[in-house]
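Structure file structure28.csv (CSV, N, CA and C atoms) is printed below.
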chain,number,residue,atom,x,y,z
A,13,MET,N,18.9,121.5,110.9
A,13,MET,CA,17.7,122.3,110.4
A,13,MET,C,18.1,123.7,110.6
A,14,GLY,N,17.7,124.5,109.6
A,14,GLY,CA,17.9,126.0,109.7
A,14,GLY,C,17.0,126.7,110.6
A,15,THR,N,17.2,128.0,110.8
A,15,THR,CA,16.4,128.8,111.7
A,15,THR,C,16.2,130.2,111.1
A,16,PHE,N,15.0,130.7,111.3
A,16,PHE,CA,14.8,132.1,110.9
A,16,PHE,C,15.1,133.0,112.2
A,17,VAL,N,15.9,134.0,112.0
A,17,VAL,CA,16.3,134.8,113.1
A,17,VAL,C,15.9,136.3,112.8
A,18,ILE,N,15.1,136.9,113.6
A,18,ILE,CA,14.6,138.2,113.5
A,18,ILE,C,15.6,139.1,114.3
A,19,THR,N,16.0,140.2,113.7
A,19,THR,CA,16.9,141.2,114.4
A,19,THR,C,16.5,142.6,114.0
A,20,LYS,N,17.0,143.5,114.7
A,20,LYS,CA,16.7,144.9,114.4
A,20,LYS,C,18.0,145.6,114.0
A,21,ARG,N,17.9,146.3,112.9
A,21,ARG,CA,19.1,147.0,112.3
A,21,ARG,C,19.3,148.3,113.1
A,22,ILE,N,20.5,148.9,112.9
A,22,ILE,CA,20.9,150.2,113.5
A,22,ILE,C,19.8,151.3,113.3
A,23,ASN,N,19.2,151.2,112.1
A,23,ASN,CA,18.2,152.3,111.7
A,23,ASN,C,16.8,152.0,112.2
A,24,ASP,N,16.7,151.0,113.2
A,24,ASP,CA,15.4,150.7,113.8
A,24,ASP,C,14.5,149.9,112.9
A,25,LEU,N,14.9,149.4,111.8
A,25,LEU,CA,14.1,148.6,110.9
A,25,LEU,C,14.4,147.1,111.2
A,26,TYR,N,13.4,146.3,111.0
A,26,TYR,CA,13.6,144.8,111.3
A,26,TYR,C,13.9,144.1,110.0
A,27,LYS,N,14.6,143.0,110.2
A,27,LYS,CA,15.0,142.1,109.1
A,27,LYS,C,15.0,140.6,109.7
A,28,TYR,N,15.0,139.7,108.8
A,28,TYR,CA,15.2,138.3,109.2
A,28,TYR,C,16.2,137.7,108.4
A,29,GLU,N,16.9,136.7,108.9
A,29,GLU,CA,17.8,135.9,108.2
A,29,GLU,C,17.4,134.4,108.3
A,30,PHE,N,17.8,133.6,107.3
A,30,PHE,CA,17.7,132.2,107.5
A,30,PHE,C,19.1,131.7,107.7
A,31,VAL,N,19.3,131.1,108.8
A,31,VAL,CA,20.7,130.7,109.3
A,31,VAL,C,20.7,129.1,109.2
A,32,SER,N,21.8,128.6,108.6
A,32,SER,CA,21.9,127.2,108.4
A,32,SER,C,22.1,126.5,109.7
A,33,ARG,N,22.0,125.2,109.7
A,33,ARG,CA,22.2,124.4,110.9
A,33,ARG,C,23.6,124.5,111.5
A,34,LYS,N,24.5,125.0,110.6
A,34,LYS,CA,25.9,125.2,111.1
A,34,LYS,C,26.1,126.6,111.6
A,35,GLY,N,25.0,127.4,111.6
A,35,GLY,CA,25.1,128.8,112.1
A,35,GLY,C,25.5,129.9,111.1
A,36,LYS,N,25.6,129.5,109.8
A,36,LYS,CA,26.0,130.6,108.8
A,36,LYS,C,24.7,131.1,108.2
A,37,PRO,N,24.7,132.5,108.1
A,37,PRO,CA,23.5,133.1,107.4
A,37,PRO,C,23.5,132.6,105.9
A,38,ILE,N,22.3,132.3,105.5
A,38,ILE,CA,22.1,131.9,104.1
A,38,ILE,C,21.5,133.0,103.3
A,39,PHE,N,20.4,133.6,103.8
A,39,PHE,CA,19.9,134.8,103.1
A,39,PHE,C,19.4,135.8,104.1
A,40,ILE,N,19.2,137.0,103.7
A,40,ILE,CA,18.7,138.2,104.5
A,40,ILE,C,17.5,138.8,103.8
A,41,SER,N,16.5,139.1,104.5
A,41,SER,CA,15.3,139.7,104.0
A,41,SER,C,15.5,141.2,103.7
A,42,LYS,N,14.5,141.8,103.1
A,42,LYS,CA,14.4,143.2,103.0
A,42,LYS,C,14.1,143.8,104.4
A,43,ASP,N,14.0,145.1,104.5
A,43,ASP,CA,13.7,145.8,105.8
A,43,ASP,C,12.2,145.9,106.0
A,44,PHE,N,11.8,145.8,107.3
A,44,PHE,CA,10.4,146.0,107.7
A,44,PHE,C,10.3,147.0,108.8
A,45,GLU,N,9.3,147.8,108.7
A,45,GLU,CA,9.1,148.9,109.7
A,45,GLU,C,8.6,148.3,111.0
A,46,LEU,N,7.8,147.2,111.0
A,46,LEU,CA,7.2,146.6,112.2
A,46,LEU,C,7.6,145.2,112.3
A,47,ARG,N,7.8,144.7,113.5
A,47,ARG,CA,8.3,143.3,113.7
A,47,ARG,C,7.2,142.3,113.2
A,48,PHE,N,5.9,142.6,113.4
A,48,PHE,CA,4.9,141.6,113.0
A,48,PHE,C,4.9,141.4,111.5
A,49,GLU,N,5.3,142.5,110.7
A,49,GLU,CA,5.4,142.3,109.3
A,49,GLU,C,6.5,141.3,108.9
A,50,CYS,N,7.5,141.3,109.7
A,50,CYS,CA,8.6,140.4,109.5
A,50,CYS,C,8.1,139.0,109.8
A,51,GLU,N,7.5,138.8,110.9
A,51,GLU,CA,6.9,137.5,111.3
A,51,GLU,C,5.9,137.0,110.3
A,52,ASN,N,5.1,137.9,109.8
A,52,ASN,CA,4.1,137.5,108.8
A,52,ASN,C,4.7,137.0,107.5
A,53,GLU,N,5.8,137.7,107.0
A,53,GLU,CA,6.5,137.2,105.8
A,53,GLU,C,7.2,135.9,106.0
A,54,ILE,N,7.7,135.7,107.2
A,54,ILE,CA,8.4,134.4,107.5
A,54,ILE,C,7.3,133.3,107.4
A,55,GLU,N,6.2,133.5,108.0
A,55,GLU,CA,5.1,132.5,108.0
A,55,GLU,C,4.6,132.2,106.6
A,56,SER,N,4.5,133.3,105.8
A,56,SER,CA,4.0,133.2,104.4
A,56,SER,C,5.1,132.4,103.6
A,57,LEU,N,6.3,132.7,103.8
A,57,LEU,CA,7.4,132.0,103.1
A,57,LEU,C,7.4,130.6,103.4
A,58,LYS,N,7.2,130.2,104.7
A,58,LYS,CA,7.2,128.8,105.1
A,58,LYS,C,6.1,128.0,104.5
A,59,ILE,N,4.9,128.7,104.3
A,59,ILE,CA,3.8,128.0,103.7
A,59,ILE,C,3.9,127.9,102.2
A,60,ARG,N,4.5,128.9,101.6
A,60,ARG,CA,4.5,129.0,100.1
A,60,ARG,C,5.9,128.8,99.6
A,61,LEU,N,6.7,128.0,100.3
A,61,LEU,CA,8.1,127.8,99.9
A,61,LEU,C,8.2,127.1,98.5
A,62,GLU,N,7.2,126.2,98.2
A,62,GLU,CA,7.2,125.5,96.9
A,62,GLU,C,7.0,126.5,95.8
A,63,ASP,N,6.3,127.7,96.0
A,63,ASP,CA,6.1,128.6,95.0
A,63,ASP,C,7.2,129.6,94.7
A,64,CYS,N,8.2,129.5,95.6
A,64,CYS,CA,9.4,130.5,95.5
A,64,CYS,C,10.2,130.1,94.3
A,65,PHE,N,10.8,131.2,93.7
A,65,PHE,CA,11.7,131.0,92.6
A,65,PHE,C,13.1,131.5,93.1
A,66,PHE,N,14.1,130.8,92.8
A,66,PHE,CA,15.5,131.1,93.2
A,66,PHE,C,16.3,131.6,92.0
A,67,MET,N,16.4,132.9,91.9
A,67,MET,CA,17.2,133.5,90.8
A,67,MET,C,18.6,133.5,91.1
A,68,GLN,N,19.4,132.8,90.3
A,68,GLN,CA,20.8,132.6,90.6
A,68,GLN,C,21.7,133.6,89.8
A,69,PHE,N,22.7,134.2,90.4
A,69,PHE,CA,23.6,135.2,89.8
A,69,PHE,C,25.0,134.9,90.1
A,70,LYS,N,25.9,135.5,89.3
A,70,LYS,CA,27.3,135.5,89.6
A,70,LYS,C,27.8,136.9,89.6
A,71,SER,N,28.5,137.3,90.6
A,71,SER,CA,29.0,138.7,90.8
A,71,SER,C,30.2,138.9,89.9
A,72,MET,N,30.5,140.2,89.8
A,72,MET,CA,31.7,140.6,89.0
A,72,MET,C,33.0,140.0,89.5
A,73,LYS,N,33.0,139.7,90.8
A,73,LYS,CA,34.2,139.1,91.4
A,73,LYS,C,34.2,137.6,91.4
A,74,GLY,N,33.2,137.0,90.7
A,74,GLY,CA,33.1,135.5,90.6
A,74,GLY,C,32.4,134.8,91.7
A,75,LYS,N,31.8,135.5,92.6
A,75,LYS,CA,31.0,134.9,93.7
A,75,LYS,C,29.6,134.6,93.2
A,76,PHE,N,29.0,133.6,93.8
A,76,PHE,CA,27.6,133.2,93.4
A,76,PHE,C,26.6,133.6,94.5
A,77,TYR,N,25.4,134.0,94.1
A,77,TYR,CA,24.4,134.4,95.1
A,77,TYR,C,23.0,134.2,94.4
A,78,PHE,N,22.0,134.2,95.2
A,78,PHE,CA,20.6,134.1,94.7
A,78,PHE,C,19.7,135.0,95.3
A,79,LYS,N,18.6,135.3,94.6
A,79,LYS,CA,17.5,136.1,95.2
A,79,LYS,C,16.3,135.2,95.2
A,80,ILE,N,15.5,135.3,96.3
A,80,ILE,CA,14.3,134.6,96.4
A,80,ILE,C,13.1,135.5,96.0
A,81,VAL,N,12.4,135.0,95.0
A,81,VAL,CA,11.2,135.7,94.5
A,81,VAL,C,9.9,134.9,94.7
A,82,LEU,N,9.0,135.6,95.2
A,82,LEU,CA,7.6,135.0,95.5
A,82,LEU,C,6.6,136.0,94.9
A,83,GLN,N,5.8,135.5,94.0
A,83,GLN,CA,4.8,136.3,93.4
A,83,GLN,C,5.3,137.6,92.8
A,84,ASN,N,6.4,137.4,92.0
A,84,ASN,CA,7.1,138.5,91.3
A,84,ASN,C,7.6,139.6,92.2
A,85,GLU,N,7.8,139.3,93.5
A,85,GLU,CA,8.4,140.2,94.5
A,85,GLU,C,9.7,139.6,95.1
A,86,GLU,N,10.7,140.4,95.0
A,86,GLU,CA,12.0,139.9,95.6
A,86,GLU,C,11.8,140.0,97.1
A,87,ILE,N,12.0,138.9,97.8
A,87,ILE,CA,11.8,139.0,99.3
A,87,ILE,C,13.1,138.8,100.1
A,88,ALA,N,14.2,138.3,99.4
A,88,ALA,CA,15.4,138.1,100.2
A,88,ALA,C,16.6,137.9,99.2
A,89,VAL,N,17.8,138.2,99.7
A,89,VAL,CA,19.0,138.0,98.9
A,89,VAL,C,20.0,137.2,99.7
A,90,SER,N,20.7,136.2,99.1
A,90,SER,CA,21.6,135.4,99.8
A,90,SER,C,22.9,136.0,100.1
A,91,ARG,N,23.7,135.4,100.9
A,91,ARG,CA,25.1,135.8,101.0
A,91,ARG,C,25.8,135.4,99.8
A,92,LYS,N,27.1,135.7,99.7
A,92,LYS,CA,27.9,135.3,98.5
A,92,LYS,C,28.6,134.0,98.8
A,93,PHE,N,28.6,133.1,97.8
A,93,PHE,CA,29.2,131.8,97.9
A,93,PHE,C,30.4,131.7,97.0
A,94,SER,N,31.4,130.9,97.4
A,94,SER,CA,32.6,130.8,96.5
A,94,SER,C,32.4,129.9,95.4
A,95,THR,N,31.5,128.9,95.5
A,95,THR,CA,31.2,128.0,94.4
A,95,THR,C,29.7,127.9,94.2
A,96,GLN,N,29.4,127.5,93.0
A,96,GLN,CA,28.0,127.3,92.6
A,96,GLN,C,27.4,126.1,93.4
A,97,LEU,N,28.2,125.1,93.7
A,97,LEU,CA,27.8,123.9,94.4
A,97,LEU,C,27.3,124.3,95.9
A,98,MET,N,28.1,125.2,96.5
A,98,MET,CA,27.8,125.6,97.9
A,98,MET,C,26.5,126.4,97.8
A,99,MET,N,26.3,127.2,96.8
A,99,MET,CA,25.0,128.0,96.7
A,99,MET,C,23.9,127.0,96.5
A,100,GLN,N,24.0,126.0,95.7
A,100,GLN,CA,22.9,125.0,95.5
A,100,GLN,C,22.6,124.2,96.7
A,101,LYS,N,23.6,123.9,97.5
A,101,LYS,CA,23.4,123.2,98.8
A,101,LYS,C,22.6,124.0,99.7
A,102,SER,N,22.8,125.3,99.7
A,102,SER,CA,22.1,126.2,100.6
A,102,SER,C,20.6,126.3,100.1
A,103,ILE,N,20.4,126.4,98.8
A,103,ILE,CA,19.1,126.4,98.3
A,103,ILE,C,18.3,125.2,98.7
A,104,ASN,N,19.0,124.0,98.5
A,104,ASN,CA,18.4,122.7,98.9
A,104,ASN,C,18.0,122.7,100.4
A,105,GLU,N,18.9,123.3,101.2
A,105,GLU,CA,18.6,123.3,102.7
A,105,GLU,C,17.3,124.1,102.9
A,106,ILE,N,17.2,125.2,102.3
A,106,ILE,CA,16.0,126.1,102.4
A,106,ILE,C,14.8,125.3,102.0
A,107,VAL,N,14.8,124.7,100.8
A,107,VAL,CA,13.7,124.0,100.3
A,107,VAL,C,13.3,122.8,101.2
A,108,LYS,N,14.3,122.1,101.7
A,108,LYS,CA,14.1,120.9,102.5
A,108,LYS,C,13.6,121.2,103.9
A,109,TYR,N,14.2,122.2,104.6
A,109,TYR,CA,13.9,122.4,106.0
A,109,TYR,C,13.2,123.7,106.3
A,110,GLY,N,13.1,124.6,105.3
A,110,GLY,CA,12.5,126.0,105.6
A,110,GLY,C,11.1,126.0,106.2
A,111,ASN,N,10.3,125.1,105.8
A,111,ASN,CA,8.9,125.1,106.3
A,111,ASN,C,8.7,124.6,107.7
A,112,GLN,N,9.8,123.9,108.2
A,112,GLN,CA,9.7,123.4,109.6
A,112,GLN,C,10.7,124.1,110.5
A,113,SER,N,11.3,125.1,110.0
A,113,SER,CA,12.3,125.8,110.8
A,113,SER,C,11.6,126.7,111.9
A,114,GLU,N,12.3,126.8,113.0
A,114,GLU,CA,11.7,127.7,114.1
A,114,GLU,C,12.1,129.1,113.8
A,115,ILE,N,11.5,130.0,114.6
A,115,ILE,CA,11.8,131.4,114.5
A,115,ILE,C,12.3,131.9,115.8
A,116,LEU,N,13.5,132.6,115.8
A,116,LEU,CA,14.1,133.1,117.0
A,116,LEU,C,14.0,134.7,116.8
A,117,ASP,N,13.6,135.3,117.9
A,117,ASP,CA,13.5,136.8,117.8
A,117,ASP,C,14.5,137.4,118.7
A,118,PHE,N,15.5,138.0,118.1
A,118,PHE,CA,16.6,138.8,118.8
A,118,PHE,C,16.4,140.3,118.7
A,119,SER,N,15.2,140.7,118.3
A,119,SER,CA,15.0,142.1,118.1
A,119,SER,C,14.6,142.9,119.4
A,120,LEU,N,14.3,142.2,120.4
A,120,LEU,CA,13.9,142.9,121.6
A,120,LEU,C,15.1,143.6,122.3
A,121,GLU,N,15.0,144.8,122.8
A,121,GLU,CA,16.1,145.5,123.4
A,121,GLU,C,16.2,145.2,124.8
A,122,LEU,N,16.6,144.0,125.2
A,122,LEU,CA,16.8,143.7,126.6
A,122,LEU,C,18.2,143.9,127.0
A,123,ASP,N,18.4,144.7,128.0
A,123,ASP,CA,19.8,145.0,128.4
A,123,ASP,C,20.1,144.0,129.6
A,124,ILE,N,20.6,142.9,129.2
A,124,ILE,CA,20.9,141.8,130.3
A,124,ILE,C,22.2,142.1,131.1
A,125,PHE,N,23.0,143.1,130.6
A,125,PHE,CA,24.2,143.4,131.3
A,125,PHE,C,24.1,144.7,132.0
A,126,LYS,N,22.9,145.1,132.4
A,126,LYS,CA,22.7,146.4,133.1
A,126,LYS,C,23.5,146.4,134.4
A,127,ASN,N,24.0,147.5,134.8
A,127,ASN,CA,24.7,147.7,136.1
A,127,ASN,C,23.8,147.9,137.2

Would you mind giving the structure from this file in structure tokens?
Amino acid sequence: MGTFVITKRINDLYKYEFVSRKGKPIFISKDFELRFECENEIESLKIRLEDCFFMQFKSMKGKFYFKIVLQNEEIAVSRKFSTQLMMQKSINEIVKYGNQSEILDFSLELDIFKN
């Protein structure tokens, strides 16, 4: 089962990723100013996963990727896949397990290796 992972970017904005059960990122969200906005969108996505539309694309270099659209708003972009089949398997994993996936928050600035 996949997992939603919240992290903080270098520019202090938050984002979340959906990571496959094998540990590979499948998609990355847009940026959020506040962590709770990130959490709210994840919860909304989990509830409304059936309403999401997966727009599929092929890059100029022949890689495949998708964008997740909910209510005419782009909410996430996938990583690049070498085949269309791999992309479709990732979409299937999101649809099948996304609503029951846990949320991990790695955005806290805990310095566990302090001297």

Using only C-alpha atoms, can you tell me which of A:Lys92, A:Lys27, A:Arg21, A:Lys36 comes closest to A:Asn52?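 Under the stated criterion, the closest residue is A:Lys27.
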
>> Using only C-alpha atoms for the distances, tell me which of A:Ile54, A:Ile22, A:Ile80, A:Ile38 is nearest to A:Met67.
In response: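 Distance minimum relative to A:Met67 lands on A:Ile80.
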
Which distance in Å separates atom N of A:Met98 and atom N of A:Tyr28, to one decimal?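 It comes out at 23.1 Å.
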
request  = For A:Tyr77, please output as JSON, numbers by chain all residues within 8 Å (counting only N, CA and C atoms; exclusion window: fewer than 4 positions along the same chain).
outcome  = {"A": [66, 67, 68, 69, 70, 71, 89, 90, 91, 92, 93, 94, 95, 96, 99]}

The distance between atom CA of A:Glu105 and atom N of A:Cys64 is 14.0 Å

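Using only N, CA and C atoms, the shortest contact distance between A:Lys108 and any of A:Asn23, A:Gly14, A:Lys42, A:Leu82 is found at A:Gly14.
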
Shell around A:Phe30 at 6.5 Å using only N, CA and C atoms, local window under 6 positions removed, as an MDAnalysis selection string: chainID A and resid 14:17 36:41

Residue selection dump (N, CA and C atoms) as a compact mmCIF listing (two decimals), in the frame of the given file:
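And here's result.txt as it stands now:
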# COMPACT_ATOMS: atom_id res chain seq x y z
N GLY A 14 17.70 124.50 109.60
CA GLY A 14 17.90 126.00 109.70
C GLY A 14 17.00 126.70 110.60
N THR A 15 17.20 128.00 110.80
CA THR A 15 16.40 128.80 111.70
C THR A 15 16.20 130.20 111.10
N PHE A 16 15.00 130.70 111.30
CA PHE A 16 14.80 132.10 110.90
C PHE A 16 15.10 133.00 112.20
N VAL A 17 15.90 134.00 112.00
CA VAL A 17 16.30 134.80 113.10
C VAL A 17 15.90 136.30 112.80
N LYS A 36 25.60 129.50 109.80
CA LYS A 36 26.00 130.60 108.80
C LYS A 36 24.70 131.10 108.20
N PRO A 37 24.70 132.50 108.10
CA PRO A 37 23.50 133.10 107.40
C PRO A 37 23.50 132.60 105.90
N ILE A 38 22.30 132.30 105.50
CA ILE A 38 22.10 131.90 104.10
C ILE A 38 21.50 133.00 103.30
N PHE A 39 20.40 133.60 103.80
CA PHE A 39 19.90 134.80 103.10
C PHE A 39 19.40 135.80 104.10
N ILE A 40 19.20 137.00 103.70
CA ILE A 40 18.70 138.20 104.50
C ILE A 40 17.50 138.80 103.80
N SER A 41 16.50 139.10 104.50
CA SER A 41 15.30 139.70 104.00
C SER A 41 15.50 141.20 103.70

*Check the smallest atom-to-atom distance from each of A:Ile103, A:Val31, A:Leu61, A:Leu116 to A:Lys79 using only C-alpha atoms, then report the winner.*
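Counting only C-alpha atoms, the residue closest to A:Lys79 is A:Ile103.
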
I need the helix (DSSP H, G or I) residues of stretch 18-117 of chain A per DSSP on the backbone, written as a PyMOL selection string. chain A and resi 47-59+61-63+96-112

Test item, strand (DSSP E) assignment across chain A, answer as a PDB file with N, CA and C atoms, in the coordinates of the input:
ATOM      1  N   THR A  15      17.200 128.000 110.800  1.00  0.00           N
ATOM      2  CA  THR A  15      16.400 128.800 111.700  1.00  0.00           C
ATOM      3  C   THR A  15      16.200 130.200 111.100  1.00  0.00           C
ATOM      4  N   PHE A  16      15.000 130.700 111.300  1.00  0.00           N
ATOM      5  CA  PHE A  16      14.800 132.100 110.900  1.00  0.00           C
ATOM      6  C   PHE A  16      15.100 133.000 112.200  1.00  0.00           C
ATOM      7  N   VAL A  17      15.900 134.000 112.000  1.00  0.00           N
ATOM      8  CA  VAL A  17      16.300 134.800 113.100  1.00  0.00           C
ATOM      9  C   VAL A  17      15.900 136.300 112.800  1.00  0.00           C
ATOM     10  N   ILE A  18      15.100 136.900 113.600  1.00  0.00           N
ATOM     11  CA  ILE A  18      14.600 138.200 113.500  1.00  0.00           C
ATOM     12  C   ILE A  18      15.600 139.100 114.300  1.00  0.00           C
ATOM     13  N   THR A  19      16.000 140.200 113.700  1.00  0.00           N
ATOM     14  CA  THR A  19      16.900 141.200 114.400  1.00  0.00           C
ATOM     15  C   THR A  19      16.500 142.600 114.000  1.00  0.00           C
ATOM     16  N   LYS A  20      17.000 143.500 114.700  1.00  0.00           N
ATOM     17  CA  LYS A  20      16.700 144.900 114.400  1.00  0.00           C
ATOM     18  C   LYS A  20      18.000 145.600 114.000  1.00  0.00           C
ATOM     19  N   TYR A  26      13.400 146.300 111.000  1.00  0.00           N
ATOM     20  CA  TYR A  26      13.600 144.800 111.300  1.00  0.00           C
ATOM     21  C   TYR A  26      13.900 144.100 110.000  1.00  0.00           C
ATOM     22  N   LYS A  27      14.600 143.000 110.200  1.00  0.00           N
ATOM     23  CA  LYS A  27      15.000 142.100 109.100  1.00  0.00           C
ATOM     24  C   LYS A  27      15.000 140.600 109.700  1.00  0.00           C
ATOM     25  N   TYR A  28      15.000 139.700 108.800  1.00  0.00           N
ATOM     26  CA  TYR A  28      15.200 138.300 109.200  1.00  0.00           C
ATOM     27  C   TYR A  28      16.200 137.700 108.400  1.00  0.00           C
ATOM     28  N   GLU A  29      16.900 136.700 108.900  1.00  0.00           N
ATOM     29  CA  GLU A  29      17.800 135.900 108.200  1.00  0.00           C
ATOM     30  C   GLU A  29      17.400 134.400 108.300  1.00  0.00           C
ATOM     31  N   PHE A  30      17.800 133.600 107.300  1.00  0.00           N
ATOM     32  CA  PHE A  30      17.700 132.200 107.500  1.00  0.00           C
ATOM     33  C   PHE A  30      19.100 131.700 107.700  1.00  0.00           C
ATOM     34  N   VAL A  31      19.300 131.100 108.800  1.00  0.00           N
ATOM     35  CA  VAL A  31      20.700 130.700 109.300  1.00  0.00           C
ATOM     36  C   VAL A  31      20.700 129.100 109.200  1.00  0.00           C
ATOM     37  N   PRO A  37      24.700 132.500 108.100  1.00  0.00           N
ATOM     38  CA  PRO A  37      23.500 133.100 107.400  1.00  0.00           C
ATOM     39  C   PRO A  37      23.500 132.600 105.900  1.00  0.00           C
ATOM     40  N   ILE A  38      22.300 132.300 105.500  1.00  0.00           N
ATOM     41  CA  ILE A  38      22.100 131.900 104.100  1.00  0.00           C
ATOM     42  C   ILE A  38      21.500 133.000 103.300  1.00  0.00           C
ATOM     43  N   PHE A  39      20.400 133.600 103.800  1.00  0.00           N
ATOM     44  CA  PHE A  39      19.900 134.800 103.100  1.00  0.00           C
ATOM     45  C   PHE A  39      19.400 135.800 104.100  1.00  0.00           C
ATOM     46  N   ILE A  40      19.200 137.000 103.700  1.00  0.00           N
ATOM     47  CA  ILE A  40      18.700 138.200 104.500  1.00  0.00           C
ATOM     48  C   ILE A  40      17.500 138.800 103.800  1.00  0.00           C
ATOM     49  N   SER A  41      16.500 139.100 104.500  1.00  0.00           N
ATOM     50  CA  SER A  41      15.300 139.700 104.000  1.00  0.00           C
ATOM     51  C   SER A  41      15.500 141.200 103.700  1.00  0.00           C
ATOM     52  N   PHE A  65      10.800 131.200  93.700  1.00  0.00           N
ATOM     53  CA  PHE A  65      11.700 131.000  92.600  1.00  0.00           C
ATOM     54  C   PHE A  65      13.100 131.500  93.100  1.00  0.00           C
ATOM     55  N   PHE A  66      14.100 130.800  92.800  1.00  0.00           N
ATOM     56  CA  PHE A  66      15.500 131.100  93.200  1.00  0.00           C
ATOM     57  C   PHE A  66      16.300 131.600  92.000  1.00  0.00           C
ATOM     58  N   MET A  67      16.400 132.900  91.900  1.00  0.00           N
ATOM     59  CA  MET A  67      17.200 133.500  90.800  1.00  0.00           C
ATOM     60  C   MET A  67      18.600 133.500  91.100  1.00  0.00           C
ATOM     61  N   GLN A  68      19.400 132.800  90.300  1.00  0.00           N
ATOM     62  CA  GLN A  68      20.800 132.600  90.600  1.00  0.00           C
ATOM     63  C   GLN A  68      21.700 133.600  89.800  1.00  0.00           C
ATOM     64  N   PHE A  69      22.700 134.200  90.400  1.00  0.00           N
ATOM     65  CA  PHE A  69      23.600 135.200  89.800  1.00  0.00           C
ATOM     66  C   PHE A  69      25.000 134.900  90.100  1.00  0.00           C
ATOM     67  N   LYS A  70      25.900 135.500  89.300  1.00  0.00           N
ATOM     68  CA  LYS A  70      27.300 135.500  89.600  1.00  0.00           C
ATOM     69  C   LYS A  70      27.800 136.900  89.600  1.00  0.00           C
ATOM     70  N   PHE A  76      29.000 133.600  93.800  1.00  0.00           N
ATOM     71  CA  PHE A  76      27.600 133.200  93.400  1.00  0.00           C
ATOM     72  C   PHE A  76      26.600 133.600  94.500  1.00  0.00           C
ATOM     73  N   TYR A  77      25.400 134.000  94.100  1.00  0.00           N
ATOM     74  CA  TYR A  77      24.400 134.400  95.100  1.00  0.00           C
ATOM     75  C   TYR A  77      23.000 134.200  94.400  1.00  0.00           C
ATOM     76  N   PHE A  78      22.000 134.200  95.200  1.00  0.00           N
ATOM     77  CA  PHE A  78      20.600 134.100  94.700  1.00  0.00           C
ATOM     78  C   PHE A  78      19.700 135.000  95.300  1.00  0.00           C
ATOM     79  N   LYS A  79      18.600 135.300  94.600  1.00  0.00           N
ATOM     80  CA  LYS A  79      17.500 136.100  95.200  1.00  0.00           C
ATOM     81  C   LYS A  79      16.300 135.200  95.200  1.00  0.00           C
ATOM     82  N   ILE A  80      15.500 135.300  96.300  1.00  0.00           N
ATOM     83  CA  ILE A  80      14.300 134.600  96.400  1.00  0.00           C
ATOM     84  C   ILE A  80      13.100 135.500  96.000  1.00  0.00           C
ATOM     85  N   VAL A  81      12.400 135.000  95.000  1.00  0.00           N
ATOM     86  CA  VAL A  81      11.200 135.700  94.500  1.00  0.00           C
ATOM     87  C   VAL A  81       9.900 134.900  94.700  1.00  0.00           C
ATOM     88  N   LEU A  82       9.000 135.600  95.200  1.00  0.00           N
ATOM     89  CA  LEU A  82       7.600 135.000  95.500  1.00  0.00           C
ATOM     90  C   LEU A  82       6.600 136.000  94.900  1.00  0.00           C
ATOM     91  N   GLU A  85       7.800 139.300  93.500  1.00  0.00           N
ATOM     92  CA  GLU A  85       8.400 140.200  94.500  1.00  0.00           C
ATOM     93  C   GLU A  85       9.700 139.600  95.100  1.00  0.00           C
ATOM     94  N   GLU A  86      10.700 140.400  95.000  1.00  0.00           N
ATOM     95  CA  GLU A  86      12.000 139.900  95.600  1.00  0.00           C
ATOM     96  C   GLU A  86      11.800 140.000  97.100  1.00  0.00           C
ATOM     97  N   ILE A  87      12.000 138.900  97.800  1.00  0.00           N
ATOM     98  CA  ILE A  87      11.800 139.000  99.300  1.00  0.00           C
ATOM     99  C   ILE A  87      13.100 138.800 100.100  1.00  0.00           C
ATOM    100  N   ALA A  88      14.200 138.300  99.400  1.00  0.00           N
ATOM    101  CA  ALA A  88      15.400 138.100 100.200  1.00  0.00           C
ATOM    102  C   ALA A  88      16.600 137.900  99.200  1.00  0.00           C
ATOM    103  N   VAL A  89      17.800 138.200  99.700  1.00  0.00           N
ATOM    104  CA  VAL A  89      19.000 138.000  98.900  1.00  0.00           C
ATOM    105  C   VAL A  89      20.000 137.200  99.700  1.00  0.00           C
ATOM    106  N   SER A  90      20.700 136.200  99.100  1.00  0.00           N
ATOM    107  CA  SER A  90      21.600 135.400  99.800  1.00  0.00           C
ATOM    108  C   SER A  90      22.900 136.000 100.100  1.00  0.00           C
ATOM    109  N   GLU A 114      12.300 126.800 113.000  1.00  0.00           N
ATOM    110  CA  GLU A 114      11.700 127.700 114.100  1.00  0.00           C
ATOM    111  C   GLU A 114      12.100 129.100 113.800  1.00  0.00           C
ATOM    112  N   ILE A 115      11.500 130.000 114.600  1.00  0.00           N
ATOM    113  CA  ILE A 115      11.800 131.400 114.500  1.00  0.00           C
ATOM    114  C   ILE A 115      12.300 131.900 115.800  1.00  0.00           C
ATOM    115  N   LEU A 116      13.500 132.600 115.800  1.00  0.00           N
ATOM    116  CA  LEU A 116      14.100 133.100 117.000  1.00  0.00           C
ATOM    117  C   LEU A 116      14.000 134.700 116.800  1.00  0.00           C
ATOM    118  N   ASP A 117      13.600 135.300 117.900  1.00  0.00           N
ATOM    119  CA  ASP A 117      13.500 136.800 117.800  1.00  0.00           C
ATOM    120  C   ASP A 117      14.500 137.400 118.700  1.00  0.00           C
TER     121      ASP A 117
END

- Task: Pick out the closest residue to A:Asp43 from this set: A:Arg60, A:Asp117, A:Phe76, A:Ile87. Count all atoms listed in the file.
- Result: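 Of the candidates, the smallest distance to A:Asp43 is held by A:Ile87.
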
Note to self: What's the separation between atom CA of A:Asn104 and atom N of A:Phe118, in Å to one decimal place?
What the structure shows: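 So the answer is 24.7 Å.
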
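Distances here use all atoms listed in the file; by that measure, the residue among A:Ser119, A:Ser56, A:Gln83, A:Ser102 closest to A:Ser32 is A:Ser102.
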
inquiry  = List the spatial neighbours of A:Lys58 as a ChimeraX atom specification - criterion: any atom at most 8 Å away, only N, CA and C atoms, same-chain residues fewer than 4 positions off excluded.
reply    = /A:52-54,62,109-113

**Contact residues around A:Leu46 with only C-alpha atoms at 10 Å, ignoring same-chain residues under 3 positions, as number ranges by chain** = A: 20, 24-27, 43, 49-51
